[in-house]
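Asks: Mind looking over this structure? Questions follow.
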Amino acid sequence: MNAIEIRGLKKVYATGTEALKDVSIDVPQGDFFALLGANGAGKTTIIGILCGLVNKTGGSAKIFDVDVDQNPDQTKEWIGIVPQEFNFNIFETTYDIVMAQAGYYGIPKSEAAPRAEEILKQLGLWEKKDEPSRALSGGMKRRLMIARALMHKPRLLILDEPTAGVDVELRHGMWEYLRSLNAAGVTILLTTHYLEEAEQLCRNVAIIRKGEIIRQGNVKELLKTVDTQVYSLDIQSKEGAIIPEELKAKRIDNDTIEIETNGSRSISDALRILTDGGITIKSIQPTKNRLEQLFLDITNEPNA
C-alpha cells in the first residue's frame with residue numbers, strides 16, 4: 001500500500017496561477033520521502049491538498065488508499081503536520097500546547113499525559129514544559145512543532161522545512177530522532193532546502209519545478225547519474241612542485257585548490273596525479289553534496 005498516492009493533481013488559483021500541473025507521486029508506506037523544489041515550485045500546495053487545507057482543481061490524492069476529499073476526517077487523523085511557520089499560541093506553555101493537540105483528537109488526559117511526557121523527553125523539551133513557548137529558542141520551537149504533530153500517533157508525518165534555522169548540532173540530533181520514528185513504521189514526507197538532509201535521510205525523492213514533477217526515484221540510483229563533483233583540497237607543495245594543467249584546478253589560496261572530477265577522471269585519479277607531482281593532500285571535502293549537484297543540474301535543464 002502507498003502512504004500517499006497522487007494522480008494527475010492540478011491546482012489553479014483564482015488569480016489564474018497554475019500551481020500544480022498534472023502531478024503524480026507515489027510514497028510507499030514506511031518510506032522516508034523527500035519533495036524538493038525551489039520556493040514557489042508547488043510543494044506547499046501539495047501538502048495543503050493532502051491535509052485538506054487547499055482545494056484541488058483536478059486529479060486525485062489518497063492517504064493509505066483513502067481519498068482525501070471523500071473521507072477527509074479519516075485521512076486527517078492519519079496525518080501529523082509540521083508546517084514551516086510557527087503556528088502555536090506563544091503565551092501557552094510547552095506542555096499545554098501538546099496536551100491541547102491531544103484534546104483536539106479526542107485523546108483522554110489519562111492517555112495524553114504520559115504520551116506528552118514521553119515525546120517531550122525524547123525531544124529534550126521536558127525541562128521546558130512549564131515555560132511559555134515564546135521563551136523557547138528557535139530550535140526548541142521546531143522540536144515543539146514535531147512533538148505536537150506526534151501526539152495522536154500519526155501514520156504519516158509531513159515535515160515542511162523542519163530544521164530551518166536550527167544549528168548543525170541540533171539538526172543532526174533531530175535527524176536521529178526522525179530516523180527512529182521512520183524505523184518504528186511512521187512514513188515521513190520531507191521538504192527541505194538543506195539537500196544534504198534529504199541525501200542523509202531519504203530513500204526516495206521527487207523534484208518539482210514550476211508545478212511539474214521533473215524527476216523522481218530512488219535517491220541512490222539518481223545520484224549515480226551525477227557526472228561531476230567538485231572537491232576542495234587543502235594541500236602542501238614541495239619546492240618546485242606544479243599542479244598539472246590537465247587537472248584544470250582552481251586555486252583558492254596558497255594552500256587550497258578546487259578540482260572537478262567526472263566520468264573520465266575519478267577523485268582517486270586526481271589525487272594520484274597530484275601526489276606523483278610532489279603535492280601532499282592534507283584534507284579533502286566536496287564543495288557541494290551530490291544531491292545538491294543533481295538538483296542544480298536538473299532544475300537548470302532547458303526543457304525541465
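Order determines the names: the first chain of the C-alpha cells is A, the second B, and so forth; residues in each chain are numbered 1 upward, and ligands are numbered 1 upward as they are shown.
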Report as a PDB file with C-alpha atoms, in the first residue's frame all protein, DNA and RNA residues lying within 8 Å of Asp65 in chain A, evaluated on only C-alpha atoms, omitting residues in the same chain fewer than 4 positions from it.

Replies:
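Contents of part30.pdb, freshly written:
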```pdb
ATOM      1  CA  MET A   1       0.000   0.000   0.000  1.00  0.00           C
ATOM      2  CA  ASN A   2       1.127   3.551  -0.706  1.00  0.00           C
ATOM      3  CA  ALA A   3       1.021   6.040   2.141  1.00  0.00           C
ATOM      4  CA  ILE A   4       0.481   8.773  -0.455  1.00  0.00           C
ATOM      5  CA  GLU A   5      -0.883   8.254  -3.945  1.00  0.00           C
TER       6      GLU A   5
END
```

Asks: Give me, as a PDB file with C-alpha atoms, in the first residue's frame, all polymer residues having an atom no more than 9 Å from Leu170 in chain A, counting only C-alpha atoms and skipping those fewer than 5 positions away in the same chain.

Replies:
```
ATOM      1  CA  GLY A 139      15.456  25.048  17.697  1.00  0.00           C
ATOM      2  CA  THR A 163      15.103  22.223  10.577  1.00  0.00           C
ATOM      3  CA  TRP A 175      17.847  13.585  12.129  1.00  0.00           C
TER       4      TRP A 175
END
```

Asks: Between range 28-107 of chain A and range 189-205 of chain A, at 9 Å or less, what are the per-residue closest atom pairs and their distances in Å? Count only C-alpha atoms, order by chain and rising residue number, and return it as a Markdown table.

Replies:
```
| residue | atom | partner | partner_atom | distance |
| --- | --- | --- | --- | --- |
| A:Asp31 | CA | A:Arg203 | CA | 6.9 |
| A:Phe32 | CA | A:Cys202 | CA | 4.8 |
| A:Phe33 | CA | A:Leu189 | CA | 4.9 |
| A:Ala34 | CA | A:Val205 | CA | 4.6 |
| A:Leu35 | CA | A:Thr191 | CA | 5.1 |
| A:Leu36 | CA | A:Thr191 | CA | 5.8 |
| A:Gly37 | CA | A:His193 | CA | 8.1 |
| A:Ala38 | CA | A:His193 | CA | 8.0 |
| A:Lys43 | CA | A:Thr191 | CA | 7.5 |
| A:Thr44 | CA | A:Thr191 | CA | 8.8 |
```

Asks: Considering only C-alpha atoms, return as a PyMOL selection string whatever protein or nucleic-acid residues lie within 8 Å of Val68 in chain A, sequence-local ones (same chain, fewer than 3 positions apart) excluded.

Replies: chain A and resi 50-52+61-63+71-72+75

Asks: Could you pull out the alpha helix (DSSP H) residues of range 84-150 of chain A from DSSP and send them as a ChimeraX atom specification?

Replies: /A:94-104,109-122,138-150

Asks: Selected residues, N, CA and C atoms, written as a short mmCIF file (atom, residue, chain, number, x, y, z; two decimals), in the first residue's frame, please.

Replies:
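Final file, again_16.cif:
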```
data_model
loop_
_atom_site.label_atom_id
_atom_site.label_comp_id
_atom_site.auth_asym_id
_atom_site.auth_seq_id
_atom_site.Cartn_x
_atom_site.Cartn_y
_atom_site.Cartn_z
N THR A 94 4.71 24.91 26.88
CA THR A 94 5.05 23.78 26.02
C THR A 94 4.13 22.59 26.29
N TYR A 95 3.90 22.30 27.55
CA TYR A 95 3.07 21.16 27.93
C TYR A 95 1.62 21.37 27.49
N ASP A 96 1.09 22.56 27.70
CA ASP A 96 -0.30 22.83 27.34
C ASP A 96 -0.52 22.74 25.83
N ILE A 97 0.48 23.13 25.07
CA ILE A 97 0.35 23.08 23.61
C ILE A 97 0.19 21.64 23.12
N VAL A 98 1.02 20.72 23.62
CA VAL A 98 0.91 19.34 23.17
C VAL A 98 -0.34 18.67 23.74
N MET A 99 -0.72 19.04 24.95
CA MET A 99 -1.94 18.46 25.53
C MET A 99 -3.18 18.94 24.80
N ALA A 100 -3.18 20.20 24.37
CA ALA A 100 -4.32 20.71 23.60
C ALA A 100 -4.46 19.97 22.28
N GLN A 101 -3.33 19.61 21.67
CA GLN A 101 -3.37 18.84 20.43
C GLN A 101 -4.00 17.47 20.66
N ALA A 102 -3.67 16.86 21.77
CA ALA A 102 -4.28 15.57 22.10
C ALA A 102 -5.78 15.73 22.28
N GLY A 103 -6.20 16.80 22.94
CA GLY A 103 -7.62 17.05 23.14
C GLY A 103 -8.34 17.25 21.83
N TYR A 104 -7.69 17.88 20.87
CA TYR A 104 -8.28 18.10 19.55
C TYR A 104 -8.64 16.77 18.89
N LYS A 109 -7.15 12.51 28.84
CA LYS A 109 -5.99 13.03 29.56
C LYS A 109 -5.14 11.91 30.14
N SER A 110 -5.78 10.85 30.60
CA SER A 110 -5.05 9.74 31.20
C SER A 110 -4.08 9.10 30.21
N GLU A 111 -4.41 9.17 28.92
CA GLU A 111 -3.54 8.63 27.88
C GLU A 111 -2.60 9.71 27.35
N ALA A 112 -3.10 10.94 27.26
CA ALA A 112 -2.31 12.04 26.68
C ALA A 112 -1.14 12.45 27.56
N ALA A 113 -1.35 12.46 28.89
CA ALA A 113 -0.31 12.95 29.80
C ALA A 113 0.98 12.14 29.70
N PRO A 114 0.93 10.81 29.79
CA PRO A 114 2.18 10.04 29.64
C PRO A 114 2.76 10.14 28.23
N ARG A 115 1.87 10.27 27.26
CA ARG A 115 2.34 10.43 25.88
C ARG A 115 3.11 11.75 25.73
N ALA A 116 2.58 12.81 26.30
CA ALA A 116 3.24 14.12 26.23
C ALA A 116 4.60 14.06 26.92
N GLU A 117 4.65 13.43 28.08
CA GLU A 117 5.92 13.34 28.81
C GLU A 117 6.95 12.57 28.00
N GLU A 118 6.53 11.47 27.40
CA GLU A 118 7.44 10.64 26.61
C GLU A 118 8.03 11.43 25.44
N ILE A 119 7.17 12.10 24.68
CA ILE A 119 7.63 12.80 23.49
C ILE A 119 8.49 14.00 23.86
N LEU A 120 8.07 14.76 24.87
CA LEU A 120 8.84 15.93 25.26
C LEU A 120 10.22 15.54 25.79
N LYS A 121 10.30 14.42 26.48
CA LYS A 121 11.61 13.94 26.94
C LYS A 121 12.47 13.51 25.76
N GLN A 122 11.87 12.82 24.81
CA GLN A 122 12.63 12.36 23.65
C GLN A 122 13.20 13.53 22.86
N GLY A 138 14.77 29.06 18.92
CA GLY A 138 14.23 28.65 17.62
C GLY A 138 14.25 27.14 17.42
N GLY A 139 15.36 26.50 17.83
CA GLY A 139 15.46 25.05 17.70
C GLY A 139 14.45 24.32 18.56
N MET A 140 14.20 24.83 19.76
CA MET A 140 13.22 24.22 20.65
C MET A 140 11.81 24.37 20.09
N LYS A 141 11.53 25.51 19.49
CA LYS A 141 10.21 25.72 18.88
C LYS A 141 9.99 24.73 17.75
N ARG A 142 11.04 24.48 16.95
CA ARG A 142 10.92 23.49 15.89
C ARG A 142 10.61 22.11 16.46
N ARG A 143 11.29 21.75 17.54
CA ARG A 143 11.05 20.45 18.16
C ARG A 143 9.67 20.38 18.79
N LEU A 144 9.19 21.50 19.30
CA LEU A 144 7.84 21.54 19.85
C LEU A 144 6.80 21.28 18.75
N MET A 145 7.05 21.81 17.57
CA MET A 145 6.14 21.57 16.44
C MET A 145 6.07 20.07 16.12
N ILE A 146 7.24 19.41 16.17
CA ILE A 146 7.25 17.98 15.91
C ILE A 146 6.53 17.22 17.02
N ALA A 147 6.79 17.60 18.27
CA ALA A 147 6.12 16.95 19.41
C ALA A 147 4.61 17.06 19.28
N ARG A 148 4.14 18.24 18.97
CA ARG A 148 2.70 18.44 18.83
C ARG A 148 2.12 17.56 17.72
N ALA A 149 2.82 17.46 16.59
CA ALA A 149 2.33 16.68 15.46
C ALA A 149 2.27 15.19 15.78
N LEU A 150 3.04 14.72 16.77
CA LEU A 150 3.12 13.29 17.07
C LEU A 150 2.16 12.85 18.17
#
```

Asks: Using Å and a single decimal, report how far CA of Ile273 in chain A sits from CA of Leu247 in chain A.

Replies: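 A separation of 8.4 Å between them.
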
Asks: Go ahead and compute the interatomic distance for CA of Phe64 in chain A and CA of Gln29 in chain A, in Å to one decimal.

Replies: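 It comes out at 7.7 Å.
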
Asks: Have a look at CA of Ser268 in chain A and CA of Glu246 in chain A and let me know their distance in Å, one decimal.

Replies: 14.6 Å

Asks: Would you return as a ChimeraX atom specification the members of range 71-272 of chain A that DSSP assigns to strand (DSSP E or B) on this structure's backbone?

Replies: /A:79-82,93,132,156-160,187-191,204-209,212-218,229-237,250-253,256-262,265

Asks: Pick out the residues sitting within 8 Å of Gly80 in chain A, and hand them over as a list in words; count only C-alpha atoms, and ignore anything fewer than 5 positions along from it in its own chain.

Replies: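 Near neighbours after the sequence-gap exclusion: Ala149, Leu150, His152, Lys153, Pro154, Arg155, Leu156, Leu157 and Ile158 of chain A.
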
Asks: Using C-alpha atoms, can you export the residues from the last selection as a PDB file, in the first residue's frame?

Replies:
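Writing done, so here's out-v5.pdb:
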```pdb
ATOM      1  CA  ALA A 149       2.331  16.675  15.465  1.00  0.00           C
ATOM      2  CA  LEU A 150       3.121  13.293  17.071  1.00  0.00           C
ATOM      3  CA  HIS A 152      -2.086  11.484  18.134  1.00  0.00           C
ATOM      4  CA  LYS A 153       0.364   8.843  16.823  1.00  0.00           C
ATOM      5  CA  PRO A 154       0.026   9.641  13.098  1.00  0.00           C
ATOM      6  CA  ARG A 155       0.856   7.052  10.476  1.00  0.00           C
ATOM      7  CA  LEU A 156       2.150   9.769   8.133  1.00  0.00           C
ATOM      8  CA  LEU A 157       4.333  12.667   9.278  1.00  0.00           C
ATOM      9  CA  ILE A 158       4.645  15.638   6.910  1.00  0.00           C
TER      10      ILE A 158
END
```

Asks: Please provide the set of residues having any atom within 10 Å of Asp276 in chain A, restricted to only C-alpha atoms, with same-chain residues fewer than 5 positions apart removed, written as an MDAnalysis selection string.

Replies: chainID A and resid 241 270:271

Asks: With only C-alpha atoms as the atoms that count, which of A:Asp130, A:Met151, A:Leu53, A:Ile213 lies nearest to Pro108 in chain A?

Replies: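 Of A:Asp130, A:Met151, A:Leu53, A:Ile213, the one nearest Pro108 in chain A, counting only C-alpha atoms, is A:Met151.
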
Asks: Out of A:Gly42, A:Pro244, A:Gly16, A:Gly58, which residue has the shortest atom-to-atom distance to Leu274 in chain A when counting only C-alpha atoms?

Replies: A:Pro244

Asks: Using only C-alpha atoms, pick whichever of A:Ala19, A:Ile107, A:Val12, A:Leu136 has the shortest atom-to-atom distance to Gly211 in chain A.

Replies: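 Closest candidate: A:Ala19.
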